[in-house]
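Chemist: Below is the file final.csv, which contains CSV, C-alpha atoms.
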chain,number,residue,atom,x,y,z
A,696,MET,CA,6.3,-7.6,-11.0
A,697,ILE,CA,2.8,-6.6,-11.9
A,698,LYS,CA,2.4,-6.4,-15.7
A,699,GLU,CA,0.8,-3.4,-17.4
A,700,ASN,CA,-2.4,-5.3,-18.3
A,701,GLU,CA,-2.7,-6.5,-14.7
A,702,ARG,CA,-2.3,-2.9,-13.5
A,703,GLU,CA,-5.3,-2.0,-15.8
A,704,GLU,CA,-7.3,-4.8,-14.3
A,705,LEU,CA,-6.5,-3.7,-10.8
A,706,ALA,CA,-7.5,-0.2,-11.6
A,707,MET,CA,-10.9,-1.4,-12.9
A,708,SER,CA,-11.7,-3.3,-9.8
A,709,THR,CA,-14.0,-1.6,-7.4
A,710,ASP,CA,-13.1,-3.6,-4.3
A,711,PRO,CA,-10.1,-2.1,-2.6
A,712,ARG,CA,-9.5,-5.1,-0.4
A,713,ALA,CA,-9.6,-7.5,-3.4
A,714,MET,CA,-7.0,-5.3,-5.1
A,715,TYR,CA,-4.8,-5.5,-2.0
A,716,ASP,CA,-5.2,-9.2,-1.9
A,717,GLU,CA,-4.2,-9.5,-5.6
A,718,VAL,CA,-1.1,-7.4,-5.0
A,719,THR,CA,-0.3,-9.6,-2.0
A,720,ALA,CA,-0.7,-12.8,-3.9
A,721,GLU,CA,1.5,-11.5,-6.8
A,722,LEU,CA,4.3,-10.3,-4.5
A,723,MET,CA,4.3,-13.5,-2.4
A,724,ALA,CA,4.5,-15.6,-5.5
A,725,THR,CA,7.4,-13.6,-7.1
A,726,SER,CA,9.5,-12.4,-4.2
A,727,PRO,CA,10.5,-13.1,-0.6
A,728,THR,CA,7.5,-11.0,0.6
A,729,THR,CA,5.5,-12.4,3.5
A,730,SER,CA,2.1,-11.2,4.9
A,731,GLY,CA,1.5,-10.3,8.5
A,732,LYS,CA,-0.2,-7.7,10.7
A,733,MET,CA,0.9,-4.3,11.8
A,734,PHE,CA,-1.4,-2.2,14.1
A,735,GLY,CA,-4.0,-4.8,13.5
A,736,MET,CA,-4.0,-4.2,9.7
A,737,PRO,CA,-2.8,-6.7,7.1
A,738,CYS,CA,0.6,-5.8,5.9
A,739,LEU,CA,3.4,-7.0,3.6
A,740,LYS,CA,6.9,-7.6,5.0
A,741,ASN,CA,10.4,-8.2,3.6
A,742,ASN,CA,12.9,-9.7,6.0
A,743,GLY,CA,10.4,-9.2,8.8
A,744,LYS,CA,10.0,-5.5,8.2
A,745,ALA,CA,6.7,-4.0,7.0
A,746,PHE,CA,6.8,-2.0,3.8
A,747,ALA,CA,3.1,-1.8,2.8
A,748,GLY,CA,-0.3,-2.5,4.2
A,749,TYR,CA,-4.0,-2.2,3.8
A,750,TYR,CA,-5.9,0.4,6.0
A,751,GLN,CA,-9.6,1.0,5.6
A,752,THR,CA,-9.9,1.5,1.8
A,753,ALA,CA,-6.4,2.5,1.1
A,754,MET,CA,-2.9,1.1,0.8
A,755,VAL,CA,-0.1,2.5,3.0
A,756,PHE,CA,3.5,2.4,2.0
A,757,LYS,CA,6.8,3.0,3.8
A,758,LEU,CA,8.7,5.2,1.3
A,759,THR,CA,11.9,7.3,1.0
A,760,ALA,CA,12.6,10.2,-1.3
A,761,PRO,CA,11.8,10.8,-4.1
A,762,GLU,CA,8.9,8.3,-4.0
A,763,HIS,CA,7.7,9.7,-0.7
A,764,THR,CA,7.3,13.1,-2.1
A,765,GLU,CA,5.6,11.8,-5.3
A,766,ALA,CA,3.1,9.7,-3.3
A,767,LEU,CA,2.2,12.7,-1.1
A,768,ALA,CA,1.5,14.8,-4.2
A,769,LEU,CA,-1.3,12.4,-5.3
A,770,PRO,CA,-4.8,13.8,-4.7
A,771,GLY,CA,-6.1,12.5,-1.4
A,772,ALA,CA,-2.8,11.0,-0.2
A,773,GLN,CA,-1.6,11.8,3.3
A,774,LEU,CA,0.8,10.8,5.9
A,775,PHE,CA,-0.4,7.6,7.6
A,776,ASP,CA,-1.8,8.2,11.1
A,777,PRO,CA,-3.1,4.9,12.4
A,778,SER,CA,-4.1,6.3,15.8
A,779,GLY,CA,-6.0,9.2,14.3
A,780,ARG,CA,-4.5,11.5,17.0
A,781,GLY,CA,-2.5,13.8,14.8
A,782,ARG,CA,0.8,11.9,15.1
A,783,PRO,CA,1.4,10.5,11.7
A,784,MET,CA,4.2,8.1,10.8
A,785,LYS,CA,6.6,10.3,8.8
A,786,GLU,CA,7.9,7.7,6.4
A,787,TRP,CA,4.5,6.1,5.7
A,788,VAL,CA,2.0,7.5,3.1
A,789,GLU,CA,-1.6,6.5,2.8
A,790,VAL,CA,-2.6,6.3,-0.8
A,791,PRO,CA,-6.3,6.3,-1.9
A,792,VAL,CA,-7.6,3.4,-4.0
A,793,GLU,CA,-8.1,5.6,-7.0
A,794,HIS,CA,-4.4,5.6,-7.6
A,795,ALA,CA,-4.1,1.8,-7.7
A,796,ALA,CA,-2.8,1.8,-11.3
A,797,ARG,CA,0.3,3.7,-10.2
Can I see the file as structure tokens?
Modeler:
Amino acid sequence: MIKENEREELAMSTDPRAMYDEVTAELMATSPTTSGKMFGMPCLKNNGKAFAGYYQTAMVFKLTAPEHTEALALPGAQLFDPSGRGRPMKEWVEVPVEHAAR
């Protein structure tokens, strides 16, 4: 689990990809999480199923209620639409980097 002081360090970083890489390293060191690819983007998996990823400058998460609703309420957050064609993935939320501490 990421400690509070590590959250603060992540929040101070200005490189979104470096922040994703730090989260990936922590999860892979402390859980059965593996890394992989989904839609060409780096992602995190548990038991072969993706649950988070890095897209452009944001992280995307597969969430259920109530976390799904809470994530969508964050300023700038939106349903993840990897194709950009207006067909978002309903369970996935794209969260801007400015919310990294959360």
Chemist: Show me, as a compact mmCIF listing (two decimals) with C-alpha atoms, keeping the file's coordinate frame, the residues that have an atom within 12 Å of Pro737 (chain A) when counting only C-alpha atoms, minus same-chain residues fewer than 5 positions from it.
Modeler:
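Dumped everything to selection.txt:
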# COMPACT_ATOMS: atom_id res chain seq x y z
CA ARG A 712 -9.50 -5.10 -0.40
CA TYR A 715 -4.80 -5.50 -2.00
CA ASP A 716 -5.20 -9.20 -1.90
CA THR A 719 -0.30 -9.60 -2.00
CA THR A 729 5.50 -12.40 3.50
CA SER A 730 2.10 -11.20 4.90
CA GLY A 731 1.50 -10.30 8.50
CA LYS A 732 -0.20 -7.70 10.70
CA ALA A 745 6.70 -4.00 7.00
CA PHE A 746 6.80 -2.00 3.80
CA ALA A 747 3.10 -1.80 2.80
CA GLY A 748 -0.30 -2.50 4.20
CA TYR A 749 -4.00 -2.20 3.80
CA TYR A 750 -5.90 0.40 6.00
CA GLN A 751 -9.60 1.00 5.60
CA ALA A 753 -6.40 2.50 1.10
CA MET A 754 -2.90 1.10 0.80
CA VAL A 755 -0.10 2.50 3.00
Chemist: Under the rule that only C-alpha atoms are counted, which of A:Thr728, A:Ala795, A:Glu786, A:Asn741 is the nearest residue to Thr764 (chain A)?
Modeler: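 Among A:Thr728, A:Ala795, A:Glu786, A:Asn741, it is A:Glu786 that comes nearest to Thr764 (chain A).
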Chemist: Could you pull the residues within 12 Å of Phe756 (chain A), counting all atoms listed in the file, minus those fewer than 6 positions along the same chain, as a list in words?
Modeler: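 The neighbour list is Cys738, Leu739, Lys740, Lys744, Ala745, Phe746, Ala747, Gly748, Tyr749, Tyr750, Glu762, His763, Ala766, Leu767, Ala772, Gln773, Leu774, Phe775, Met784, Lys785, Glu786, Trp787, Val788, Glu789, Val790 and Pro791 of chain A.
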Chemist: What is the CA of Pro711 (chain A) to CA of Gly771 (chain A) distance in Å?
Modeler: 15.2 Å
Chemist: Please measure the separation of CA of Pro761 (chain A) and CA of Arg782 (chain A), giving the value in Å to one decimal.
Modeler: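 CA of Arg782 (chain A) lies at a distance of 22.2 Å from CA of Pro761 (chain A).
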